[in-house]
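Trainee: Contents of target33.txt (compact mmCIF, N, CA, C and O atoms) are given next:
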```
# COMPACT_ATOMS: atom_id res chain seq x y z
N MET A 1 -71.69 -161.24 204.48
CA MET A 1 -72.20 -160.22 203.59
C MET A 1 -71.56 -158.89 203.97
O MET A 1 -71.45 -158.56 205.14
N THR A 2 -71.17 -158.14 202.97
CA THR A 2 -70.54 -156.84 203.20
C THR A 2 -71.56 -155.71 203.01
O THR A 2 -72.67 -155.95 202.50
N LYS A 3 -71.17 -154.51 203.42
CA LYS A 3 -72.06 -153.37 203.24
C LYS A 3 -72.35 -153.15 201.76
O LYS A 3 -73.48 -152.83 201.37
N ALA A 4 -71.35 -153.34 200.90
CA ALA A 4 -71.54 -153.18 199.46
C ALA A 4 -72.57 -154.17 198.93
O ALA A 4 -73.40 -153.83 198.07
N GLU A 5 -72.56 -155.38 199.46
CA GLU A 5 -73.54 -156.38 199.04
C GLU A 5 -74.95 -156.00 199.52
O GLU A 5 -75.93 -156.24 198.81
N ILE A 6 -75.03 -155.41 200.70
CA ILE A 6 -76.33 -154.94 201.19
C ILE A 6 -76.85 -153.83 200.28
O ILE A 6 -78.02 -153.83 199.90
N VAL A 7 -75.98 -152.90 199.92
CA VAL A 7 -76.37 -151.80 199.02
C VAL A 7 -76.86 -152.37 197.69
O VAL A 7 -77.89 -151.95 197.16
N ASP A 8 -76.13 -153.33 197.13
CA ASP A 8 -76.54 -153.95 195.86
C ASP A 8 -77.91 -154.61 195.98
O ASP A 8 -78.75 -154.49 195.08
N THR A 9 -78.16 -155.28 197.10
CA THR A 9 -79.46 -155.94 197.31
C THR A 9 -80.58 -154.91 197.40
O THR A 9 -81.64 -155.09 196.79
N VAL A 10 -80.35 -153.83 198.16
CA VAL A 10 -81.35 -152.76 198.28
C VAL A 10 -81.62 -152.16 196.90
O VAL A 10 -82.78 -151.95 196.52
N HIS A 11 -80.58 -151.93 196.13
CA HIS A 11 -80.71 -151.36 194.78
C HIS A 11 -81.52 -152.28 193.87
O HIS A 11 -82.43 -151.83 193.18
N ARG A 12 -81.21 -153.57 193.89
CA ARG A 12 -81.91 -154.53 193.01
C ARG A 12 -83.37 -154.72 193.40
O ARG A 12 -84.23 -154.92 192.54
N ARG A 13 -83.67 -154.68 194.69
CA ARG A 13 -85.03 -154.99 195.16
C ARG A 13 -85.93 -153.77 195.30
O ARG A 13 -87.06 -153.89 195.77
N SER A 14 -85.44 -152.61 194.94
CA SER A 14 -86.24 -151.39 195.08
C SER A 14 -86.16 -150.58 193.79
O SER A 14 -85.46 -150.94 192.86
N ASN A 15 -86.88 -149.50 193.78
CA ASN A 15 -86.83 -148.58 192.63
C ASN A 15 -85.81 -147.48 192.87
O ASN A 15 -85.86 -146.45 192.22
N LEU A 16 -84.89 -147.68 193.80
CA LEU A 16 -83.90 -146.67 194.13
C LEU A 16 -82.69 -146.79 193.19
O LEU A 16 -82.33 -147.89 192.78
N SER A 17 -82.09 -145.63 192.91
CA SER A 17 -80.83 -145.65 192.16
C SER A 17 -79.74 -146.20 193.07
O SER A 17 -79.92 -146.31 194.28
N LYS A 18 -78.60 -146.52 192.49
CA LYS A 18 -77.48 -147.05 193.27
C LYS A 18 -77.07 -146.03 194.34
O LYS A 18 -76.83 -146.37 195.50
N GLY A 19 -77.00 -144.75 193.96
CA GLY A 19 -76.63 -143.69 194.90
C GLY A 19 -77.62 -143.56 196.04
O GLY A 19 -77.24 -143.37 197.20
N GLU A 20 -78.90 -143.66 195.73
CA GLU A 20 -79.93 -143.58 196.76
C GLU A 20 -79.87 -144.79 197.69
O GLU A 20 -80.07 -144.66 198.90
N ALA A 21 -79.55 -145.95 197.12
CA ALA A 21 -79.41 -147.17 197.94
C ALA A 21 -78.24 -147.02 198.90
O ALA A 21 -78.33 -147.42 200.07
N VAL A 22 -77.14 -146.42 198.44
CA VAL A 22 -75.98 -146.17 199.31
C VAL A 22 -76.39 -145.22 200.43
O VAL A 22 -76.11 -145.48 201.61
N GLU A 23 -77.07 -144.12 200.09
CA GLU A 23 -77.50 -143.14 201.09
C GLU A 23 -78.42 -143.76 202.12
O GLU A 23 -78.27 -143.53 203.33
N LEU A 24 -79.38 -144.55 201.65
CA LEU A 24 -80.33 -145.19 202.57
C LEU A 24 -79.63 -146.15 203.51
O LEU A 24 -79.86 -146.13 204.73
N THR A 25 -78.74 -146.97 202.98
CA THR A 25 -78.01 -147.93 203.81
C THR A 25 -77.16 -147.21 204.85
O THR A 25 -77.16 -147.57 206.03
N GLU A 26 -76.45 -146.18 204.42
CA GLU A 26 -75.63 -145.39 205.35
C GLU A 26 -76.48 -144.74 206.43
O GLU A 26 -76.10 -144.72 207.60
N LEU A 27 -77.63 -144.22 206.04
CA LEU A 27 -78.53 -143.57 207.00
C LEU A 27 -79.04 -144.56 208.05
O LEU A 27 -79.06 -144.25 209.25
N VAL A 28 -79.40 -145.75 207.62
CA VAL A 28 -79.88 -146.77 208.57
C VAL A 28 -78.77 -147.13 209.56
O VAL A 28 -79.00 -147.14 210.78
N PHE A 29 -77.57 -147.40 209.05
CA PHE A 29 -76.46 -147.77 209.94
C PHE A 29 -76.10 -146.62 210.87
O PHE A 29 -75.82 -146.83 212.06
N GLU A 30 -76.08 -145.40 210.36
CA GLU A 30 -75.74 -144.24 211.20
C GLU A 30 -76.77 -144.03 212.29
O GLU A 30 -76.42 -143.72 213.44
N THR A 31 -78.05 -144.22 211.97
CA THR A 31 -79.12 -144.09 212.97
C THR A 31 -78.95 -145.11 214.08
O THR A 31 -79.09 -144.80 215.26
N ILE A 32 -78.63 -146.34 213.71
CA ILE A 32 -78.41 -147.40 214.71
C ILE A 32 -77.21 -147.04 215.58
O ILE A 32 -77.27 -147.14 216.81
N LYS A 33 -76.11 -146.60 214.96
CA LYS A 33 -74.91 -146.23 215.74
C LYS A 33 -75.20 -145.11 216.72
O LYS A 33 -74.80 -145.18 217.90
N GLN A 34 -75.90 -144.07 216.27
CA GLN A 34 -76.20 -142.93 217.15
C GLN A 34 -77.08 -143.35 218.32
O GLN A 34 -76.87 -142.91 219.45
N SER A 35 -78.06 -144.20 218.07
CA SER A 35 -78.92 -144.68 219.15
C SER A 35 -78.12 -145.45 220.19
O SER A 35 -78.30 -145.27 221.39
N LEU A 36 -77.22 -146.31 219.73
CA LEU A 36 -76.40 -147.09 220.65
C LEU A 36 -75.44 -146.19 221.43
O LEU A 36 -75.21 -146.40 222.62
N GLU A 37 -74.89 -145.16 220.77
CA GLU A 37 -74.01 -144.21 221.47
C GLU A 37 -74.74 -143.50 222.60
O GLU A 37 -74.15 -143.19 223.62
N ARG A 38 -76.04 -143.24 222.41
CA ARG A 38 -76.85 -142.59 223.46
C ARG A 38 -77.30 -143.57 224.53
O ARG A 38 -77.98 -143.21 225.47
N GLY A 39 -76.94 -144.85 224.35
CA GLY A 39 -77.31 -145.86 225.34
C GLY A 39 -78.69 -146.44 225.13
O GLY A 39 -79.21 -147.15 225.99
N GLU A 40 -79.30 -146.15 223.99
CA GLU A 40 -80.63 -146.67 223.69
C GLU A 40 -80.54 -148.08 223.13
O GLU A 40 -79.57 -148.44 222.48
N GLU A 41 -81.57 -148.86 223.37
CA GLU A 41 -81.65 -150.20 222.79
C GLU A 41 -82.24 -150.07 221.39
O GLU A 41 -83.13 -149.26 221.15
N VAL A 42 -81.73 -150.85 220.46
CA VAL A 42 -82.24 -150.87 219.09
C VAL A 42 -82.93 -152.20 218.88
O VAL A 42 -82.30 -153.25 218.94
N LYS A 43 -84.25 -152.15 218.65
CA LYS A 43 -85.05 -153.36 218.49
C LYS A 43 -85.48 -153.48 217.03
O LYS A 43 -86.12 -152.58 216.49
N LEU A 44 -85.10 -154.58 216.40
CA LEU A 44 -85.48 -154.85 215.02
C LEU A 44 -86.31 -156.13 215.02
O LEU A 44 -85.76 -157.23 215.01
N PRO A 45 -87.64 -155.99 215.07
CA PRO A 45 -88.51 -157.17 215.15
C PRO A 45 -88.20 -158.18 214.03
O PRO A 45 -87.99 -157.81 212.88
N GLY A 46 -88.14 -159.43 214.40
CA GLY A 46 -87.83 -160.49 213.45
C GLY A 46 -86.34 -160.66 213.21
O GLY A 46 -85.91 -161.59 212.53
N PHE A 47 -85.52 -159.75 213.75
CA PHE A 47 -84.08 -159.83 213.59
C PHE A 47 -83.38 -159.96 214.94
O PHE A 47 -82.68 -160.91 215.19
N GLY A 48 -83.56 -158.95 215.81
CA GLY A 48 -82.96 -159.02 217.14
C GLY A 48 -82.83 -157.66 217.78
O GLY A 48 -83.30 -156.66 217.25
N ASN A 49 -82.19 -157.63 218.94
CA ASN A 49 -82.01 -156.41 219.72
C ASN A 49 -80.53 -156.14 219.94
O ASN A 49 -79.78 -157.04 220.32
N PHE A 50 -80.14 -154.89 219.71
CA PHE A 50 -78.80 -154.42 220.03
C PHE A 50 -78.90 -153.57 221.29
O PHE A 50 -79.83 -152.78 221.42
N SER A 51 -77.95 -153.73 222.20
CA SER A 51 -77.94 -152.89 223.40
C SER A 51 -76.51 -152.71 223.87
O SER A 51 -75.61 -153.47 223.49
N VAL A 52 -76.30 -151.69 224.68
CA VAL A 52 -75.00 -151.43 225.28
C VAL A 52 -75.11 -151.78 226.76
O VAL A 52 -76.03 -151.33 227.45
N ARG A 53 -74.20 -152.65 227.22
CA ARG A 53 -74.21 -153.07 228.63
C ARG A 53 -72.97 -152.51 229.32
O ARG A 53 -71.93 -152.36 228.70
N GLU A 54 -73.12 -152.24 230.60
CA GLU A 54 -72.00 -151.80 231.43
C GLU A 54 -71.38 -153.03 232.09
O GLU A 54 -72.09 -153.83 232.68
N LYS A 55 -70.09 -153.18 231.96
CA LYS A 55 -69.39 -154.26 232.67
C LYS A 55 -68.58 -153.63 233.79
O LYS A 55 -67.88 -152.63 233.58
N LYS A 56 -68.66 -154.20 234.96
CA LYS A 56 -67.92 -153.69 236.12
C LYS A 56 -66.45 -154.08 236.00
O LYS A 56 -66.11 -155.03 235.30
N SER A 57 -65.61 -153.35 236.71
CA SER A 57 -64.20 -153.74 236.74
C SER A 57 -64.07 -155.05 237.51
O SER A 57 -64.91 -155.37 238.38
N ARG A 58 -63.05 -155.81 237.17
CA ARG A 58 -62.87 -157.11 237.83
C ARG A 58 -61.40 -157.48 237.80
O ARG A 58 -60.60 -156.89 237.08
N VAL A 59 -61.06 -158.48 238.59
CA VAL A 59 -59.69 -158.97 238.63
C VAL A 59 -59.57 -160.11 237.63
O VAL A 59 -60.40 -161.01 237.59
N GLY A 60 -58.55 -160.05 236.80
CA GLY A 60 -58.28 -161.10 235.83
C GLY A 60 -56.84 -161.54 235.96
O GLY A 60 -56.09 -161.04 236.80
N ARG A 61 -56.44 -162.47 235.15
CA ARG A 61 -55.06 -162.97 235.18
C ARG A 61 -54.44 -162.87 233.81
O ARG A 61 -55.09 -163.13 232.80
N ASN A 62 -53.16 -162.53 233.80
CA ASN A 62 -52.38 -162.57 232.58
C ASN A 62 -52.15 -164.04 232.26
O ASN A 62 -51.56 -164.77 233.06
N PRO A 63 -52.61 -164.54 231.10
CA PRO A 63 -52.49 -165.97 230.82
C PRO A 63 -51.04 -166.46 230.73
O PRO A 63 -50.77 -167.61 231.03
N LYS A 64 -50.11 -165.59 230.36
CA LYS A 64 -48.71 -166.01 230.25
C LYS A 64 -48.03 -166.12 231.61
O LYS A 64 -47.34 -167.09 231.88
N THR A 65 -48.25 -165.09 232.44
CA THR A 65 -47.51 -165.04 233.70
C THR A 65 -48.33 -165.47 234.91
O THR A 65 -47.77 -165.76 235.96
N GLY A 66 -49.66 -165.47 234.76
CA GLY A 66 -50.51 -165.79 235.90
C GLY A 66 -50.68 -164.63 236.85
O GLY A 66 -51.36 -164.74 237.86
N GLU A 67 -50.07 -163.50 236.52
CA GLU A 67 -50.14 -162.31 237.37
C GLU A 67 -51.56 -161.74 237.37
O GLU A 67 -52.20 -161.63 236.32
N GLU A 68 -52.06 -161.39 238.57
CA GLU A 68 -53.38 -160.78 238.67
C GLU A 68 -53.30 -159.33 238.21
O GLU A 68 -52.32 -158.64 238.46
N MET A 69 -54.36 -158.90 237.54
CA MET A 69 -54.43 -157.51 237.10
C MET A 69 -55.89 -157.09 237.07
O MET A 69 -56.79 -157.94 236.96
N GLU A 70 -56.13 -155.78 237.19
CA GLU A 70 -57.50 -155.30 237.17
C GLU A 70 -57.92 -155.03 235.73
O GLU A 70 -57.20 -154.39 234.96
N ILE A 71 -59.07 -155.56 235.37
CA ILE A 71 -59.67 -155.28 234.06
C ILE A 71 -60.67 -154.16 234.31
O ILE A 71 -61.58 -154.29 235.13
N SER A 72 -60.48 -153.03 233.65
CA SER A 72 -61.27 -151.84 233.93
C SER A 72 -62.74 -151.99 233.50
O SER A 72 -63.07 -152.81 232.65
N ALA A 73 -63.58 -151.17 234.11
CA ALA A 73 -65.00 -151.14 233.75
C ALA A 73 -65.10 -150.62 232.32
O ALA A 73 -64.29 -149.80 231.88
N ARG A 74 -66.10 -151.11 231.60
CA ARG A 74 -66.25 -150.67 230.22
C ARG A 74 -67.67 -150.96 229.73
O ARG A 74 -68.43 -151.67 230.36
N LYS A 75 -67.99 -150.40 228.59
CA LYS A 75 -69.27 -150.65 227.94
C LYS A 75 -69.02 -151.67 226.83
O LYS A 75 -68.00 -151.61 226.15
N VAL A 76 -69.95 -152.59 226.66
CA VAL A 76 -69.84 -153.58 225.59
C VAL A 76 -71.15 -153.62 224.80
O VAL A 76 -72.23 -153.41 225.34
N LEU A 77 -71.01 -153.87 223.52
CA LEU A 77 -72.17 -153.99 222.65
C LEU A 77 -72.68 -155.42 222.71
O LEU A 77 -71.91 -156.38 222.64
N SER A 78 -73.99 -155.55 222.84
CA SER A 78 -74.60 -156.87 222.95
C SER A 78 -75.67 -157.02 221.87
O SER A 78 -76.39 -156.07 221.57
N PHE A 79 -75.76 -158.21 221.29
CA PHE A 79 -76.81 -158.50 220.31
C PHE A 79 -77.51 -159.78 220.73
O PHE A 79 -76.87 -160.79 221.00
N LYS A 80 -78.84 -159.70 220.80
CA LYS A 80 -79.64 -160.88 221.11
C LYS A 80 -80.55 -161.14 219.92
O LYS A 80 -81.46 -160.35 219.64
N PRO A 81 -80.31 -162.24 219.20
CA PRO A 81 -81.14 -162.52 218.03
C PRO A 81 -82.57 -162.88 218.43
O PRO A 81 -82.81 -163.44 219.50
N SER A 82 -83.52 -162.56 217.54
CA SER A 82 -84.91 -162.90 217.80
C SER A 82 -85.12 -164.40 217.61
O SER A 82 -84.31 -165.08 216.98
N GLN A 83 -86.21 -164.89 218.14
CA GLN A 83 -86.53 -166.31 218.00
C GLN A 83 -86.71 -166.67 216.53
O GLN A 83 -86.27 -167.73 216.09
N LYS A 84 -87.33 -165.77 215.76
CA LYS A 84 -87.53 -166.03 214.33
C LYS A 84 -86.19 -166.18 213.60
O LYS A 84 -86.03 -167.05 212.75
N LEU A 85 -85.23 -165.31 213.91
CA LEU A 85 -83.92 -165.39 213.28
C LEU A 85 -83.22 -166.69 213.67
O LEU A 85 -82.64 -167.37 212.82
N LYS A 86 -83.29 -167.04 214.95
CA LYS A 86 -82.68 -168.29 215.41
C LYS A 86 -83.24 -169.48 214.65
O LYS A 86 -82.49 -170.37 214.21
N GLU A 87 -84.56 -169.51 214.48
CA GLU A 87 -85.20 -170.62 213.78
C GLU A 87 -84.78 -170.69 212.31
O GLU A 87 -84.55 -171.77 211.78
N ARG A 88 -84.65 -169.53 211.66
CA ARG A 88 -84.25 -169.51 210.25
C ARG A 88 -82.82 -169.98 210.07
O ARG A 88 -82.50 -170.70 209.13
N VAL A 89 -81.95 -169.59 211.00
CA VAL A 89 -80.54 -169.98 210.90
C VAL A 89 -80.37 -171.48 211.18
O VAL A 89 -79.58 -172.14 210.53
N ARG A 90 -81.12 -171.98 212.13
CA ARG A 90 -81.04 -173.40 212.47
C ARG A 90 -81.56 -174.29 211.36
O ARG A 90 -81.16 -175.44 211.23
N GLY A 91 -82.48 -173.74 210.54
CA GLY A 91 -83.00 -174.51 209.42
C GLY A 91 -84.17 -175.25 209.75
O GLY A 91 -84.76 -176.10 209.96
```
Please rewrite the model in this file as structure tokens.
Mentor:
Amino acid sequence: MTKAEIVDTVHRRSNLSKGEAVELTELVFETIKQSLERGEEVKLPGFGNFSVREKKSRVGRNPKTGEEMEISARKVLSFKPSQKLKERVRG
């Protein structure tokens, strides 16, 4: 599903105009992005949790040459689906 399809769904299922549906969708996504940038966890009950994790630097290998190299520390985005979402996807 694309963002445009989400906007269309919000527009069809609400009394909002197409423009208002676009604004609302953008606002929701922007709020989630800003929270994650601040390092906050985003919890959406019935859907899942988004969080930013710190990964330490580590030694890895170049798969072509086998040469060892350091993989730098970094932040990664993590998503853990809720049990309800898992059950719905599994069928």
Trainee: DSSP on the backbone: what in chain A comes out helix (DSSP H, G or I), as a PyMOL selection string?
Mentor: chain A and resi 3-13+18-37+83-90
Trainee: Provide the CA of Val10 in chain A to CA of Leu24 in chain A distance in Å, to one decimal place.
Mentor: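 Result for CA of Val10 in chain A versus CA of Leu24 in chain A: 8.8 Å, one decimal.
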Trainee: Just give me the gap between CA of Arg58 in chain A and atom N of Lys75 in chain A in Å, one decimal is fine.
Mentor: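 Atom-to-atom, CA of Arg58 in chain A to atom N of Lys75 in chain A, that is 12.5 Å.
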Trainee: Which residue is closest to Ala21 in chain A? Choose from A:Val42, A:Ile6, A:Val52, A:Val59 and count all atoms listed in the file.
Mentor: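 Checking each candidate against Ala21 in chain A, we get A:Ile6 as the closest.
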Trainee: As a list in words, please: the residues near Glu40 in chain A (cut-off 5 Å, all atoms listed in the file, same-chain neighbours under 2 positions excluded).
Mentor: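 Near Glu40 in chain A, the qualifying residues are Ser35, Leu36, Arg38, Val42, Phe50 and Ser51 of chain A.
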Trainee: Rounded to one decimal in Å, what is the spacing between atom C of Phe47 in chain A and atom O of Gln83 in chain A?
Mentor: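 So the answer is 8.4 Å.
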Trainee: I'd like the neighbourhood of Leu85 in chain A as a ChimeraX atom specification, where a residue qualifies if any of its atoms comes within 10 Å (using only C-alpha atoms), though same-chain residues fewer than 6 positions away should be ignored.
Mentor: /A:45-48,91
Trainee: Could those residues be written to a file, using N, CA, C and O atoms, as a compact mmCIF listing (two decimals), in the coordinates of the input?
Mentor:
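Below is the file that was written, selection33.txt:
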```txt
# COMPACT_ATOMS: atom_id res chain seq x y z
N PRO A 45 -87.64 -155.99 215.07
CA PRO A 45 -88.51 -157.17 215.15
C PRO A 45 -88.20 -158.18 214.03
O PRO A 45 -87.99 -157.81 212.88
N GLY A 46 -88.14 -159.43 214.40
CA GLY A 46 -87.83 -160.49 213.45
C GLY A 46 -86.34 -160.66 213.21
O GLY A 46 -85.91 -161.59 212.53
N PHE A 47 -85.52 -159.75 213.75
CA PHE A 47 -84.08 -159.83 213.59
C PHE A 47 -83.38 -159.96 214.94
O PHE A 47 -82.68 -160.91 215.19
N GLY A 48 -83.56 -158.95 215.81
CA GLY A 48 -82.96 -159.02 217.14
C GLY A 48 -82.83 -157.66 217.78
O GLY A 48 -83.30 -156.66 217.25
N GLY A 91 -82.48 -173.74 210.54
CA GLY A 91 -83.00 -174.51 209.42
C GLY A 91 -84.17 -175.25 209.75
O GLY A 91 -84.76 -176.10 209.96
```
Trainee: Report as a short mmCIF file (atom, residue, chain, number, x, y, z; two decimals) with N, CA, C and O atoms, in the frame of the given file: the residues of chain A with a DSSP assignment of strand (DSSP E or B), based on the backbone of this structure.
Mentor:
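Result went into out26.cif, see below:
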```
data_model
loop_
_atom_site.label_atom_id
_atom_site.label_comp_id
_atom_site.auth_asym_id
_atom_site.auth_seq_id
_atom_site.Cartn_x
_atom_site.Cartn_y
_atom_site.Cartn_z
N VAL A 42 -81.73 -150.85 220.46
CA VAL A 42 -82.24 -150.87 219.09
C VAL A 42 -82.93 -152.20 218.88
O VAL A 42 -82.30 -153.25 218.94
N LYS A 43 -84.25 -152.15 218.65
CA LYS A 43 -85.05 -153.36 218.49
C LYS A 43 -85.48 -153.48 217.03
O LYS A 43 -86.12 -152.58 216.49
N LEU A 44 -85.10 -154.58 216.40
CA LEU A 44 -85.48 -154.85 215.02
C LEU A 44 -86.31 -156.13 215.02
O LEU A 44 -85.76 -157.23 215.01
N GLY A 48 -83.56 -158.95 215.81
CA GLY A 48 -82.96 -159.02 217.14
C GLY A 48 -82.83 -157.66 217.78
O GLY A 48 -83.30 -156.66 217.25
N ASN A 49 -82.19 -157.63 218.94
CA ASN A 49 -82.01 -156.41 219.72
C ASN A 49 -80.53 -156.14 219.94
O ASN A 49 -79.78 -157.04 220.32
N PHE A 50 -80.14 -154.89 219.71
CA PHE A 50 -78.80 -154.42 220.03
C PHE A 50 -78.90 -153.57 221.29
O PHE A 50 -79.83 -152.78 221.42
N SER A 51 -77.95 -153.73 222.20
CA SER A 51 -77.94 -152.89 223.40
C SER A 51 -76.51 -152.71 223.87
O SER A 51 -75.61 -153.47 223.49
N VAL A 52 -76.30 -151.69 224.68
CA VAL A 52 -75.00 -151.43 225.28
C VAL A 52 -75.11 -151.78 226.76
O VAL A 52 -76.03 -151.33 227.45
N ARG A 53 -74.20 -152.65 227.22
CA ARG A 53 -74.21 -153.07 228.63
C ARG A 53 -72.97 -152.51 229.32
O ARG A 53 -71.93 -152.36 228.70
N GLU A 54 -73.12 -152.24 230.60
CA GLU A 54 -72.00 -151.80 231.43
C GLU A 54 -71.38 -153.03 232.09
O GLU A 54 -72.09 -153.83 232.68
N LYS A 55 -70.09 -153.18 231.96
CA LYS A 55 -69.39 -154.26 232.67
C LYS A 55 -68.58 -153.63 233.79
O LYS A 55 -67.88 -152.63 233.58
N ARG A 58 -63.05 -155.81 237.17
CA ARG A 58 -62.87 -157.11 237.83
C ARG A 58 -61.40 -157.48 237.80
O ARG A 58 -60.60 -156.89 237.08
N VAL A 59 -61.06 -158.48 238.59
CA VAL A 59 -59.69 -158.97 238.63
C VAL A 59 -59.57 -160.11 237.63
O VAL A 59 -60.40 -161.01 237.59
N GLY A 60 -58.55 -160.05 236.80
CA GLY A 60 -58.28 -161.10 235.83
C GLY A 60 -56.84 -161.54 235.96
O GLY A 60 -56.09 -161.04 236.80
N ARG A 61 -56.44 -162.47 235.15
CA ARG A 61 -55.06 -162.97 235.18
C ARG A 61 -54.44 -162.87 233.81
O ARG A 61 -55.09 -163.13 232.80
N GLU A 68 -52.06 -161.39 238.57
CA GLU A 68 -53.38 -160.78 238.67
C GLU A 68 -53.30 -159.33 238.21
O GLU A 68 -52.32 -158.64 238.46
N MET A 69 -54.36 -158.90 237.54
CA MET A 69 -54.43 -157.51 237.10
C MET A 69 -55.89 -157.09 237.07
O MET A 69 -56.79 -157.94 236.96
N GLU A 70 -56.13 -155.78 237.19
CA GLU A 70 -57.50 -155.30 237.17
C GLU A 70 -57.92 -155.03 235.73
O GLU A 70 -57.20 -154.39 234.96
N ILE A 71 -59.07 -155.56 235.37
CA ILE A 71 -59.67 -155.28 234.06
C ILE A 71 -60.67 -154.16 234.31
O ILE A 71 -61.58 -154.29 235.13
N ARG A 74 -66.10 -151.11 231.60
CA ARG A 74 -66.25 -150.67 230.22
C ARG A 74 -67.67 -150.96 229.73
O ARG A 74 -68.43 -151.67 230.36
N LYS A 75 -67.99 -150.40 228.59
CA LYS A 75 -69.27 -150.65 227.94
C LYS A 75 -69.02 -151.67 226.83
O LYS A 75 -68.00 -151.61 226.15
N VAL A 76 -69.95 -152.59 226.66
CA VAL A 76 -69.84 -153.58 225.59
C VAL A 76 -71.15 -153.62 224.80
O VAL A 76 -72.23 -153.41 225.34
N LEU A 77 -71.01 -153.87 223.52
CA LEU A 77 -72.17 -153.99 222.65
C LEU A 77 -72.68 -155.42 222.71
O LEU A 77 -71.91 -156.38 222.64
N SER A 78 -73.99 -155.55 222.84
CA SER A 78 -74.60 -156.87 222.95
C SER A 78 -75.67 -157.02 221.87
O SER A 78 -76.39 -156.07 221.57
N PHE A 79 -75.76 -158.21 221.29
CA PHE A 79 -76.81 -158.50 220.31
C PHE A 79 -77.51 -159.78 220.73
O PHE A 79 -76.87 -160.79 221.00
N LYS A 80 -78.84 -159.70 220.80
CA LYS A 80 -79.64 -160.88 221.11
C LYS A 80 -80.55 -161.14 219.92
O LYS A 80 -81.46 -160.35 219.64
N PRO A 81 -80.31 -162.24 219.20
CA PRO A 81 -81.14 -162.52 218.03
C PRO A 81 -82.57 -162.88 218.43
O PRO A 81 -82.81 -163.44 219.50
#
```
